[in-house]
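With PDB, C-alpha atoms, pLDDT in the B column inside, this is query.pdb:
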ATOM      1  CA  SER I 267     -11.720  55.788  -5.630  1.00 78.00           C
ATOM      2  CA  LYS I 268      -8.074  56.663  -6.357  1.00 87.00           C
ATOM      3  CA  LYS I 269      -6.849  55.607  -2.900  1.00 86.00           C
ATOM      4  CA  PRO I 270      -9.161  52.822  -1.648  1.00 83.00           C
ATOM      5  CA  SER I 271      -6.861  52.029   1.279  1.00 85.00           C
ATOM      6  CA  MET I 272      -6.999  55.554   2.688  1.00 89.00           C
ATOM      7  CA  ARG I 273      -8.852  55.930   6.004  1.00 91.00           C
ATOM      8  CA  ILE I 274     -11.602  58.542   6.164  1.00 92.00           C
ATOM      9  CA  ILE I 275     -12.601  59.564   9.686  1.00 94.00           C
ATOM     10  CA  TYR I 276     -15.785  61.468  10.475  1.00 95.00           C
ATOM     11  CA  TRP I 277     -15.228  63.099  13.882  1.00 96.00           C
ATOM     12  CA  TYR I 278     -18.290  64.087  15.937  1.00 95.00           C
ATOM     13  CA  TRP I 279     -17.318  67.062  18.099  1.00 91.00           C
ATOM     14  CA  ASN I 280     -20.988  67.436  19.098  1.00 91.00           C
ATOM     15  CA  PRO I 281     -23.654  64.902  20.092  1.00 92.00           C
ATOM     16  CA  VAL I 282     -25.466  63.168  17.229  1.00 94.00           C
ATOM     17  CA  ASN I 283     -28.684  64.815  16.050  1.00 91.00           C
ATOM     18  CA  GLU I 284     -31.161  64.083  13.258  1.00 91.00           C
ATOM     19  CA  GLU I 285     -29.055  65.940  10.711  1.00 92.00           C
ATOM     20  CA  THR I 286     -25.816  64.108  11.570  1.00 92.00           C
ATOM     21  CA  LEU I 287     -26.973  60.522  12.011  1.00 94.00           C
ATOM     22  CA  PRO I 288     -24.128  58.095  11.180  1.00 93.00           C
ATOM     23  CA  GLN I 289     -26.463  56.042   8.979  1.00 90.00           C
ATOM     24  CA  LEU I 290     -26.771  59.057   6.661  1.00 91.00           C
ATOM     25  CA  THR I 291     -23.168  58.366   5.681  1.00 86.00           C
ATOM     26  CA  LYS I 292     -23.527  55.803   2.912  1.00 81.00           C
ATOM     27  CA  ASP I 293     -19.829  55.089   2.335  1.00 84.00           C
ATOM     28  CA  ASP I 294     -18.850  51.974   4.317  1.00 81.00           C
ATOM     29  CA  HIS I 295     -15.211  53.083   4.304  1.00 84.00           C
ATOM     30  CA  ILE I 296     -15.931  56.096   6.496  1.00 91.00           C
ATOM     31  CA  GLU I 297     -15.173  55.576  10.187  1.00 94.00           C
ATOM     32  CA  CYS I 298     -17.409  57.440  12.636  1.00 95.00           C
ATOM     33  CA  TRP I 299     -15.774  58.528  15.895  1.00 97.00           C
ATOM     34  CA  SER I 300     -17.174  60.456  18.871  1.00 97.00           C
ATOM     35  CA  PHE I 301     -16.198  61.726  22.317  1.00 96.00           C
ATOM     36  CA  ASP I 302     -19.594  60.742  23.747  1.00 96.00           C
ATOM     37  CA  GLU I 303     -19.909  57.262  25.269  1.00 95.00           C
ATOM     38  CA  ASN I 304     -23.695  57.108  24.815  1.00 95.00           C
ATOM     39  CA  ASP I 305     -23.492  57.959  21.114  1.00 96.00           C
ATOM     40  CA  CYS I 306     -20.686  55.450  20.600  1.00 96.00           C
ATOM     41  CA  GLN I 307     -22.795  52.664  22.084  1.00 96.00           C
ATOM     42  CA  LYS I 308     -26.029  53.721  20.399  1.00 96.00           C
ATOM     43  CA  TYR I 309     -24.596  54.192  16.902  1.00 95.00           C
ATOM     44  CA  HIS I 310     -21.682  51.711  17.086  1.00 94.00           C
ATOM     45  CA  MET I 311     -19.035  54.393  16.706  1.00 95.00           C
ATOM     46  CA  ASN I 312     -15.429  54.434  17.871  1.00 95.00           C
ATOM     47  CA  LYS I 313     -14.592  56.488  20.953  1.00 95.00           C
ATOM     48  CA  ASN I 314     -11.849  59.044  21.313  1.00 96.00           C
ATOM     49  CA  VAL I 315     -11.133  61.647  23.987  1.00 95.00           C
ATOM     50  CA  GLN I 316     -12.362  65.204  24.046  1.00 95.00           C
ATOM     51  CA  TYR I 317      -9.292  67.342  23.388  1.00 95.00           C
ATOM     52  CA  TYR I 318      -8.013  70.884  23.703  1.00 95.00           C
ATOM     53  CA  TYR I 319      -5.632  72.603  21.337  1.00 90.00           C
ATOM     54  CA  ASP I 320      -4.117  76.020  21.783  1.00 79.00           C
ATOM     55  CA  GLN I 321      -0.589  77.206  21.140  1.00 60.00           C
ATOM     56  CA  SER I 322      -0.622  79.892  23.831  1.00 63.00           C
ATOM     57  CA  GLU I 323       0.233  79.358  27.485  1.00 56.00           C
ATOM     58  CA  ASN I 324      -3.014  79.266  29.449  1.00 58.00           C
ATOM     59  CA  THR I 325      -1.916  79.005  33.076  1.00 54.00           C
ATOM     60  CA  GLU I 326      -1.226  82.703  33.595  1.00 60.00           C
ATOM     61  CA  ASN I 327      -4.484  84.242  34.774  1.00 60.00           C
ATOM     62  CA  SER I 328      -5.685  87.838  34.657  1.00 66.00           C
ATOM     63  CA  THR I 329      -7.317  89.930  37.356  1.00 77.00           C
ATOM     64  CA  VAL I 330     -10.581  88.268  38.356  1.00 75.00           C
ATOM     65  CA  GLY I 331     -13.592  89.838  36.630  1.00 86.00           C
ATOM     66  CA  CYS I 332     -16.322  87.403  37.703  1.00 94.00           C
ATOM     67  CA  ASP I 333     -16.686  84.186  39.631  1.00 97.00           C
ATOM     68  CA  VAL I 334     -18.408  82.010  37.020  1.00 97.00           C
ATOM     69  CA  TYR I 335     -18.314  82.255  33.218  1.00 97.00           C
ATOM     70  CA  PHE I 336     -20.377  80.496  30.548  1.00 96.00           C
ATOM     71  CA  VAL I 337     -20.068  80.702  26.774  1.00 95.00           C
ATOM     72  CA  GLY I 338     -21.867  78.571  24.216  1.00 91.00           C
ATOM     73  CA  HIS I 339     -24.754  78.223  21.816  1.00 89.00           C
ATOM     74  CA  ASP I 340     -28.286  77.822  23.120  1.00 88.00           C
ATOM     75  CA  LYS I 341     -28.818  74.277  21.729  1.00 86.00           C
ATOM     76  CA  GLY I 342     -32.003  73.978  23.816  1.00 86.00           C
ATOM     77  CA  ARG I 343     -30.082  74.566  27.040  1.00 90.00           C
ATOM     78  CA  LYS I 344     -31.111  78.137  27.853  1.00 90.00           C
ATOM     79  CA  ASN I 345     -33.517  77.233  30.668  1.00 92.00           C
ATOM     80  CA  LYS I 346     -30.944  74.976  32.329  1.00 94.00           C
ATOM     81  CA  ILE I 347     -28.241  77.620  31.908  1.00 94.00           C
ATOM     82  CA  GLN I 348     -30.472  80.235  33.542  1.00 94.00           C
ATOM     83  CA  GLU I 349     -31.335  77.843  36.383  1.00 95.00           C
ATOM     84  CA  MET I 350     -27.685  77.161  37.114  1.00 96.00           C
ATOM     85  CA  LYS I 351     -26.902  80.873  36.877  1.00 95.00           C
ATOM     86  CA  GLU I 352     -29.581  81.697  39.459  1.00 96.00           C
ATOM     87  CA  SER I 353     -28.239  79.003  41.778  1.00 96.00           C
ATOM     88  CA  CYS I 354     -24.782  80.548  41.591  1.00 97.00           C
ATOM     89  CA  ILE I 355     -26.099  84.065  42.219  1.00 97.00           C
ATOM     90  CA  ALA I 356     -28.153  82.810  45.167  1.00 96.00           C
ATOM     91  CA  LYS I 357     -24.909  81.610  46.747  1.00 96.00           C
ATOM     92  CA  GLY I 358     -23.280  85.008  46.340  1.00 96.00           C
ATOM     93  CA  LEU I 359     -21.342  84.334  43.139  1.00 97.00           C
ATOM     94  CA  SER I 360     -21.118  86.708  40.197  1.00 97.00           C
ATOM     95  CA  VAL I 361     -21.922  85.175  36.805  1.00 97.00           C
ATOM     96  CA  SER I 362     -21.162  86.238  33.240  1.00 95.00           C
ATOM     97  CA  LEU I 363     -23.079  84.565  30.396  1.00 93.00           C
ATOM     98  CA  ASN I 364     -22.373  84.653  26.669  1.00 91.00           C
ATOM     99  CA  ILE I 365     -25.222  82.629  25.145  1.00 90.00           C
ATOM    100  CA  VAL I 366     -24.885  82.636  21.353  1.00 87.00           C
ATOM    101  CA  GLU I 367     -28.308  82.571  19.714  1.00 83.00           C
ATOM    102  CA  GLU I 368     -29.057  81.080  16.298  1.00 78.00           C
ATOM    103  CA  ASN I 369     -27.776  83.285  13.443  1.00 81.00           C
ATOM    104  CA  GLN I 370     -25.923  85.466  15.946  1.00 82.00           C
ATOM    105  CA  LYS I 371     -22.343  86.469  15.163  1.00 87.00           C
ATOM    106  CA  GLN I 372     -19.761  84.137  16.642  1.00 87.00           C
ATOM    107  CA  ILE I 373     -17.630  85.339  19.558  1.00 90.00           C
ATOM    108  CA  PRO I 374     -13.931  85.340  18.611  1.00 92.00           C
ATOM    109  CA  TYR I 375     -12.145  82.656  20.588  1.00 92.00           C
ATOM    110  CA  TYR I 376      -9.456  85.034  21.843  1.00 92.00           C
ATOM    111  CA  ASP I 377     -12.280  86.969  23.545  1.00 93.00           C
ATOM    112  CA  VAL I 378     -13.535  83.740  25.108  1.00 94.00           C
ATOM    113  CA  GLN I 379     -10.031  83.093  26.422  1.00 94.00           C
ATOM    114  CA  LYS I 380      -9.867  86.561  27.950  1.00 94.00           C
ATOM    115  CA  HIS I 381     -13.127  85.927  29.830  1.00 94.00           C
ATOM    116  CA  ILE I 382     -11.916  82.519  31.012  1.00 96.00           C
ATOM    117  CA  LYS I 383      -8.676  83.983  32.370  1.00 95.00           C
ATOM    118  CA  LYS I 384     -10.642  86.598  34.329  1.00 95.00           C
ATOM    119  CA  SER I 385     -12.991  84.007  35.883  1.00 97.00           C
ATOM    120  CA  LYS I 386     -12.616  81.683  38.841  1.00 97.00           C
ATOM    121  CA  ALA I 387     -14.854  78.956  37.412  1.00 98.00           C
ATOM    122  CA  ILE I 388     -16.317  77.812  34.101  1.00 98.00           C
ATOM    123  CA  LEU I 389     -19.926  76.692  33.776  1.00 97.00           C
ATOM    124  CA  GLU I 390     -20.534  73.606  31.635  1.00 97.00           C
ATOM    125  CA  VAL I 391     -24.094  72.706  30.591  1.00 95.00           C
ATOM    126  CA  THR I 392     -24.473  69.557  28.513  1.00 93.00           C
ATOM    127  CA  GLN I 393     -27.235  68.817  26.020  1.00 88.00           C
ATOM    128  CA  ASP I 394     -29.956  66.291  26.885  1.00 86.00           C
ATOM    129  CA  GLY I 395     -28.566  62.763  26.763  1.00 87.00           C
ATOM    130  CA  GLN I 396     -24.953  63.891  26.449  1.00 90.00           C
ATOM    131  CA  VAL I 397     -22.393  62.199  28.714  1.00 94.00           C
ATOM    132  CA  GLY I 398     -19.180  63.284  26.987  1.00 94.00           C
ATOM    133  CA  CYS I 399     -17.357  66.407  28.137  1.00 92.00           C
ATOM    134  CA  THR I 400     -17.760  69.677  26.291  1.00 92.00           C
ATOM    135  CA  LEU I 401     -14.913  72.024  25.404  1.00 94.00           C
ATOM    136  CA  ARG I 402     -15.666  73.861  28.667  1.00 96.00           C
ATOM    137  CA  ALA I 403     -14.318  70.938  30.696  1.00 97.00           C
ATOM    138  CA  MET I 404     -11.115  70.959  28.665  1.00 97.00           C
ATOM    139  CA  GLU I 405     -10.718  74.700  29.129  1.00 97.00           C
ATOM    140  CA  ALA I 406     -11.101  74.266  32.879  1.00 97.00           C
ATOM    141  CA  LEU I 407      -8.353  71.622  32.838  1.00 97.00           C
ATOM    142  CA  PHE I 408      -5.931  73.574  30.671  1.00 96.00           C
ATOM    143  CA  PHE I 409      -6.599  77.018  32.186  1.00 96.00           C
ATOM    144  CA  ARG I 410      -6.588  75.649  35.758  1.00 97.00           C
ATOM    145  CA  LYS I 411     -10.134  76.834  36.424  1.00 97.00           C
ATOM    146  CA  LYS I 412     -12.841  75.325  38.598  1.00 98.00           C
ATOM    147  CA  LEU I 413     -15.630  73.593  36.679  1.00 98.00           C
ATOM    148  CA  ILE I 414     -19.335  73.623  37.541  1.00 98.00           C
ATOM    149  CA  THR I 415     -21.119  71.026  35.417  1.00 98.00           C
ATOM    150  CA  ASN I 416     -24.420  69.179  35.198  1.00 96.00           C
ATOM    151  CA  ASN I 417     -22.657  66.170  33.658  1.00 96.00           C
ATOM    152  CA  PHE I 418     -22.905  63.375  36.258  1.00 96.00           C
ATOM    153  CA  ASN I 419     -20.730  61.147  34.063  1.00 96.00           C
ATOM    154  CA  ILE I 420     -17.715  63.406  34.551  1.00 97.00           C
ATOM    155  CA  ILE I 421     -16.909  61.450  37.698  1.00 97.00           C
ATOM    156  CA  ASN I 422     -15.655  58.696  35.341  1.00 95.00           C
ATOM    157  CA  GLU I 423     -13.173  60.966  33.563  1.00 95.00           C
ATOM    158  CA  ASP I 424      -9.478  60.535  34.353  1.00 95.00           C
ATOM    159  CA  PHE I 425      -9.060  64.204  35.292  1.00 97.00           C
ATOM    160  CA  TYR I 426     -12.032  64.295  37.694  1.00 97.00           C
ATOM    161  CA  ASN I 427     -11.046  65.870  41.008  1.00 98.00           C
ATOM    162  CA  LYS I 428     -13.715  66.819  43.523  1.00 97.00           C
ATOM    163  CA  ASN I 429     -11.631  69.833  44.522  1.00 98.00           C
ATOM    164  CA  ASN I 430     -11.832  71.187  40.955  1.00 98.00           C
ATOM    165  CA  VAL I 431     -15.165  69.852  39.668  1.00 98.00           C
ATOM    166  CA  PHE I 432     -18.577  70.614  41.166  1.00 98.00           C
ATOM    167  CA  ILE I 433     -21.384  68.380  39.884  1.00 98.00           C
ATOM    168  CA  TYR I 434     -24.589  70.420  39.815  1.00 97.00           C
ATOM    169  CA  GLY I 435     -27.539  68.327  41.004  1.00 95.00           C
ATOM    170  CA  LYS I 436     -25.309  65.959  42.949  1.00 97.00           C
ATOM    171  CA  ASP I 437     -22.900  67.964  45.095  1.00 97.00           C
ATOM    172  CA  ASN I 438     -24.101  70.119  47.991  1.00 97.00           C
ATOM    173  CA  LYS I 439     -25.208  73.499  46.588  1.00 95.00           C
ATOM    174  CA  GLU I 440     -24.665  75.092  49.990  1.00 96.00           C
ATOM    175  CA  LYS I 441     -20.939  74.625  49.438  1.00 97.00           C
ATOM    176  CA  LEU I 442     -20.881  76.066  45.930  1.00 97.00           C
ATOM    177  CA  CYS I 443     -19.353  79.402  46.948  1.00 97.00           C
ATOM    178  CA  GLU I 444     -16.780  77.656  49.126  1.00 97.00           C
ATOM    179  CA  PHE I 445     -15.895  75.374  46.202  1.00 98.00           C
ATOM    180  CA  VAL I 446     -15.337  78.274  43.780  1.00 98.00           C
ATOM    181  CA  ASN I 447     -13.148  80.222  46.189  1.00 97.00           C
ATOM    182  CA  LYS I 448     -10.862  77.374  47.215  1.00 97.00           C
ATOM    183  CA  PRO I 449      -7.512  77.155  45.375  1.00 96.00           C
ATOM    184  CA  TYR I 450      -7.344  74.999  42.256  1.00 97.00           C
ATOM    185  CA  ASP I 451      -5.740  71.599  42.826  1.00 98.00           C
ATOM    186  CA  ILE I 452      -2.857  71.415  40.337  1.00 97.00           C
ATOM    187  CA  LYS I 453      -2.603  67.622  40.702  1.00 97.00           C
ATOM    188  CA  SER I 454      -5.056  67.506  37.795  1.00 97.00           C
ATOM    189  CA  ASP I 455      -2.350  68.888  35.488  1.00 97.00           C
ATOM    190  CA  LYS I 456      -0.918  65.398  35.002  1.00 97.00           C
ATOM    191  CA  TYR I 457      -3.951  64.442  32.900  1.00 97.00           C
ATOM    192  CA  ARG I 458      -3.513  67.204  30.345  1.00 96.00           C
ATOM    193  CA  ASN I 459      -1.240  65.108  28.145  1.00 96.00           C
ATOM    194  CA  LYS I 460      -4.104  62.632  27.617  1.00 96.00           C
ATOM    195  CA  HIS I 461      -6.287  65.389  26.167  1.00 96.00           C
ATOM    196  CA  THR I 462      -3.929  67.197  23.821  1.00 96.00           C
ATOM    197  CA  ILE I 463      -4.512  67.189  20.078  1.00 95.00           C
ATOM    198  CA  GLU I 464      -1.418  64.980  19.734  1.00 96.00           C
ATOM    199  CA  ALA I 465      -2.943  62.341  22.039  1.00 96.00           C
ATOM    200  CA  TRP I 466      -6.258  62.632  20.188  1.00 96.00           C
ATOM    201  CA  LEU I 467      -4.575  62.010  16.818  1.00 96.00           C
ATOM    202  CA  GLU I 468      -2.569  59.087  18.165  1.00 96.00           C
ATOM    203  CA  ASN I 469      -5.751  57.400  19.413  1.00 96.00           C
ATOM    204  CA  PHE I 470      -7.014  57.083  15.843  1.00 95.00           C
ATOM    205  CA  PHE I 471      -4.099  54.749  15.142  1.00 92.00           C
ATOM    206  CA  SER I 472      -3.943  52.878  18.459  1.00 90.00           C
ATOM    207  CA  ARG I 473      -7.714  52.336  18.784  1.00 68.00           C
ATOM    208  CA  GLY I 474      -8.865  52.174  15.172  1.00 57.00           C
TER     209      GLY I 474
END
Written as structure tokens, that's how I'd like the structure from this file.
Amino acid sequence: SKKPSMRIIYWYWNPVNEETLPQLTKDDHIECWSFDENDCQKYHMNKNVQYYYDQSENTENSTVGCDVYFVGHDKGRKNKIQEMKESCIAKGLSVSLNIVEENQKQIPYYDVQKHIKKSKAILEVTQDGQVGCTLRAMEALFFRKKLITNNFNIINEDFYNKNNVFIYGKDNKEKLCEFVNKPYDIKSDKYRNKHTIEAWLENFFSRG
């Protein structure tokens, strides 16, 4: 009320659910923004990129501890996560899972980073109906890690590179081990600047 011209932005870093419906926000001055194309179309929200922010240098990797790493909350994805894990193991890949259950203590992010650096690939499992990238995709880009994802829409992302991204359910599973063990294609590095927190902030002014 004191600054009626001030912009208020409600950023959805997760897909919309029943508890976060945009229509629950009664103030017409609040702008709703999301990284997910489906949610933007369905709820008439503005779209911005998924971003990654970390002040440390992420390109220096540690000794490999496992082939594939997943971290994240259950969010109804446990069965799909287990299915993708078994597919990786069946192809001779080692897998490390950190599934955070409801009310379970959070994993410190510096521990997550340590696991990422010791892995060859990151496993991304989206929620039902989600087409926007999760933080896992950004970590793969910024840590120069391979990405195994069930997000078919990732092929439309600027950083998509078939040498670095394996689409589970679309790409040939017989070549999964070969994909993980091939060198990372650093040509994808050029897209990092579009997914920094600085680029994300700028988009609120250029697209709003």
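Across the chains present, the PyMOL selection byres ((chain I and resi 406) around 10) applied to this file returns Ile382, Lys386, Ala387, Ile388, Leu389, Glu390, Leu401, Arg402, Ala403, Met404, Glu405, Leu407, Phe408, Phe409, Arg410, Lys411, Lys412, Leu413, Ile414, Asn430 and Val431 of chain I.
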Exercise. Looking at all atoms listed in the file, which of I:Glu464, I:Asp333, I:Glu349, I:Glu423 is the one that sits closest to Glu444 in chain I?
Worked result: I:Asp333
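Between Gln372 in chain I and the candidates I:Gly331, I:Gly338, I:Pro270, I:Gly435, the tightest atom-to-atom separation, counting only C-alpha atoms, involves I:Gly338.
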Problem set entry | Neighbour list for Ser472 in chain I as a ChimeraX atom specification, cut-off 12 Å, all atoms listed in the file, skip fewer than 3 positions in-chain | /I:312-314,465-469
Exercise. Near Phe425 in chain I, counting all atoms listed in the file, which residues have an atom at most 9 Å away, once you skip same-chain residues fewer than 4 positions from it, shown as a list in words?
Worked result: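 Here the qualifying residues turn out to be Leu407, Ile420, Ile421, Ser454, Asp455, Lys456, Tyr457 and Arg458 of chain I.
Residue membership of the PyMOL selection byres ((chain I and resi 299) around 8) in the shown file amounts to Ile275, Tyr276, Trp277, Tyr278, Glu297, Cys298, Ser300, Phe301, Cys306, Met311, Asn312, Lys313 and Asn314 of chain I.
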Problem set entry | Ground truth for the PyMOL selection byres ((chain I and resi 330) around 9), written as a VMD selection string | chain I and resid 327 to 329 331 to 333 383 to 386
For this session: Identify which of the residues I:Ile452, I:Cys443, I:Lys428, I:Lys292 lies closest to Ser360 in chain I, counting all atoms listed in the file when measuring atom-to-atom distances.
Result: I:Cys443
Exercise. In Å, with one decimal, what is the gap from CA of Tyr434 in chain I to CA of Tyr318 in chain I?
Worked result: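 CA of Tyr318 in chain I lies at a distance of 23.1 Å from CA of Tyr434 in chain I.
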Polymer residues at most 12 Å from Asp340 in chain I, only C-alpha atoms, same-chain spacing of 6 or more positions, as a short mmCIF file (atom, residue, chain, number, x, y, z; two decimals) with C-alpha atoms, in the coordinates of the input:
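To be explicit, this is the file written out as selection_22.cif:
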data_model
loop_
_atom_site.label_atom_id
_atom_site.label_comp_id
_atom_site.auth_asym_id
_atom_site.auth_seq_id
_atom_site.Cartn_x
_atom_site.Cartn_y
_atom_site.Cartn_z
CA LYS I 346 -30.94 74.98 32.33
CA ILE I 347 -28.24 77.62 31.91
CA GLN I 348 -30.47 80.24 33.54
CA LEU I 363 -23.08 84.56 30.40
CA ASN I 364 -22.37 84.65 26.67
CA ILE I 365 -25.22 82.63 25.14
CA VAL I 366 -24.88 82.64 21.35
CA GLU I 367 -28.31 82.57 19.71
CA GLU I 368 -29.06 81.08 16.30
CA ASN I 369 -27.78 83.28 13.44
CA GLN I 370 -25.92 85.47 15.95
CA VAL I 391 -24.09 72.71 30.59
CA THR I 392 -24.47 69.56 28.51
CA GLN I 393 -27.24 68.82 26.02
#
Problem set entry | Residue among I:Asp320, I:Glu285, I:Asp294, I:Glu303 lying closest to Gln396 in chain I, counting all atoms listed in the file |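 Looking only at the distances to Gln396 in chain I, the closest residue turns out to be I:Glu303.
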Problem set entry | From I:Asn429, I:Glu352, I:Leu359, I:His339, residue lying nearest Lys371 in chain I [only C-alpha atoms] |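 Closest candidate: I:His339.
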Problem set entry | Pairwise distance for CA of His381 in chain I and CA of Ser362 in chain I, rounded to one decimal in Å |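 Going from CA of His381 in chain I over to CA of Ser362 in chain I, I get 8.7 Å.
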Could I see range 366-374 of chain I restored to all heavy atoms, set down as a PDB file, in the frame of the given file?
ATOM      1  N   VAL I 366     -24.848  82.289  22.768  1.00 87.00           N
ATOM      2  CA  VAL I 366     -24.885  82.636  21.353  1.00 87.00           C
ATOM      3  C   VAL I 366     -26.175  82.085  20.748  1.00 87.00           C
ATOM      4  O   VAL I 366     -26.382  80.881  20.699  1.00 87.00           O
ATOM      5  CB  VAL I 366     -23.660  82.071  20.612  1.00 87.00           C
ATOM      6  CG1 VAL I 366     -23.694  82.491  19.150  1.00 87.00           C
ATOM      7  CG2 VAL I 366     -22.372  82.529  21.289  1.00 87.00           C
ATOM      8  N   GLU I 367     -27.038  82.981  20.313  1.00 83.00           N
ATOM      9  CA  GLU I 367     -28.308  82.571  19.714  1.00 83.00           C
ATOM     10  C   GLU I 367     -28.104  82.173  18.255  1.00 83.00           C
ATOM     11  O   GLU I 367     -27.074  82.472  17.645  1.00 83.00           O
ATOM     12  CB  GLU I 367     -29.317  83.728  19.798  1.00 83.00           C
ATOM     13  CG  GLU I 367     -29.562  84.259  21.199  1.00 83.00           C
ATOM     14  CD  GLU I 367     -30.372  83.314  22.066  1.00 83.00           C
ATOM     15  OE1 GLU I 367     -30.846  82.291  21.539  1.00 83.00           O
ATOM     16  OE2 GLU I 367     -30.555  83.612  23.265  1.00 83.00           O
ATOM     17  N   GLU I 368     -29.106  81.489  17.697  1.00 78.00           N
ATOM     18  CA  GLU I 368     -29.057  81.080  16.298  1.00 78.00           C
ATOM     19  C   GLU I 368     -28.932  82.302  15.400  1.00 78.00           C
ATOM     20  O   GLU I 368     -29.598  83.313  15.602  1.00 78.00           O
ATOM     21  CB  GLU I 368     -30.322  80.284  15.939  1.00 78.00           C
ATOM     22  CG  GLU I 368     -30.280  79.659  14.567  1.00 78.00           C
ATOM     23  CD  GLU I 368     -31.500  78.805  14.276  1.00 78.00           C
ATOM     24  OE1 GLU I 368     -32.319  78.611  15.187  1.00 78.00           O
ATOM     25  OE2 GLU I 368     -31.620  78.332  13.133  1.00 78.00           O
ATOM     26  N   ASN I 369     -28.050  82.214  14.410  1.00 81.00           N
ATOM     27  CA  ASN I 369     -27.776  83.285  13.443  1.00 81.00           C
ATOM     28  C   ASN I 369     -27.059  84.488  14.056  1.00 81.00           C
ATOM     29  O   ASN I 369     -26.860  85.505  13.383  1.00 81.00           O
ATOM     30  CB  ASN I 369     -29.077  83.764  12.773  1.00 81.00           C
ATOM     31  CG  ASN I 369     -29.773  82.650  12.007  1.00 81.00           C
ATOM     32  OD1 ASN I 369     -29.118  81.824  11.382  1.00 81.00           O
ATOM     33  ND2 ASN I 369     -31.091  82.627  12.067  1.00 81.00           N
ATOM     34  N   GLN I 370     -26.675  84.386  15.321  1.00 82.00           N
ATOM     35  CA  GLN I 370     -25.923  85.466  15.946  1.00 82.00           C
ATOM     36  C   GLN I 370     -24.447  85.344  15.584  1.00 82.00           C
ATOM     37  O   GLN I 370     -23.929  84.241  15.390  1.00 82.00           O
ATOM     38  CB  GLN I 370     -26.083  85.419  17.465  1.00 82.00           C
ATOM     39  CG  GLN I 370     -25.420  86.568  18.220  1.00 82.00           C
ATOM     40  CD  GLN I 370     -25.656  86.476  19.718  1.00 82.00           C
ATOM     41  OE1 GLN I 370     -26.543  85.768  20.172  1.00 82.00           O
ATOM     42  NE2 GLN I 370     -24.851  87.195  20.475  1.00 82.00           N
ATOM     43  N   LYS I 371     -23.760  86.464  15.503  1.00 87.00           N
ATOM     44  CA  LYS I 371     -22.343  86.469  15.163  1.00 87.00           C
ATOM     45  C   LYS I 371     -21.543  85.708  16.216  1.00 87.00           C
ATOM     46  O   LYS I 371     -21.778  85.844  17.413  1.00 87.00           O
ATOM     47  CB  LYS I 371     -21.844  87.913  15.061  1.00 87.00           C
ATOM     48  CG  LYS I 371     -20.407  88.038  14.595  1.00 87.00           C
ATOM     49  CD  LYS I 371     -19.985  89.503  14.499  1.00 87.00           C
ATOM     50  CE  LYS I 371     -18.534  89.640  14.055  1.00 87.00           C
ATOM     51  NZ  LYS I 371     -18.127  91.071  13.967  1.00 87.00           N
ATOM     52  N   GLN I 372     -20.607  84.907  15.744  1.00 87.00           N
ATOM     53  CA  GLN I 372     -19.761  84.137  16.642  1.00 87.00           C
ATOM     54  C   GLN I 372     -18.869  85.051  17.479  1.00 87.00           C
ATOM     55  O   GLN I 372     -18.456  86.117  17.024  1.00 87.00           O
ATOM     56  CB  GLN I 372     -18.875  83.166  15.838  1.00 87.00           C
ATOM     57  CG  GLN I 372     -19.641  82.119  15.068  1.00 87.00           C
ATOM     58  CD  GLN I 372     -20.118  80.979  15.951  1.00 87.00           C
ATOM     59  OE1 GLN I 372     -19.729  80.869  17.102  1.00 87.00           O
ATOM     60  NE2 GLN I 372     -20.964  80.129  15.415  1.00 87.00           N
ATOM     61  N   ILE I 373     -18.552  84.614  18.701  1.00 90.00           N
ATOM     62  CA  ILE I 373     -17.630  85.339  19.558  1.00 90.00           C
ATOM     63  C   ILE I 373     -16.216  84.868  19.243  1.00 90.00           C
ATOM     64  O   ILE I 373     -15.947  83.665  19.284  1.00 90.00           O
ATOM     65  CB  ILE I 373     -17.952  85.084  21.042  1.00 90.00           C
ATOM     66  CG1 ILE I 373     -19.380  85.527  21.357  1.00 90.00           C
ATOM     67  CG2 ILE I 373     -16.956  85.801  21.948  1.00 90.00           C
ATOM     68  CD1 ILE I 373     -19.857  85.122  22.750  1.00 90.00           C
ATOM     69  N   PRO I 374     -15.309  85.762  18.900  1.00 92.00           N
ATOM     70  CA  PRO I 374     -13.931  85.340  18.611  1.00 92.00           C
ATOM     71  C   PRO I 374     -13.349  84.575  19.801  1.00 92.00           C
ATOM     72  O   PRO I 374     -13.556  84.964  20.955  1.00 92.00           O
ATOM     73  CB  PRO I 374     -13.199  86.675  18.395  1.00 92.00           C
ATOM     74  CG  PRO I 374     -14.266  87.641  18.007  1.00 92.00           C
ATOM     75  CD  PRO I 374     -15.495  87.218  18.758  1.00 92.00           C
TER      76      PRO I 374
END
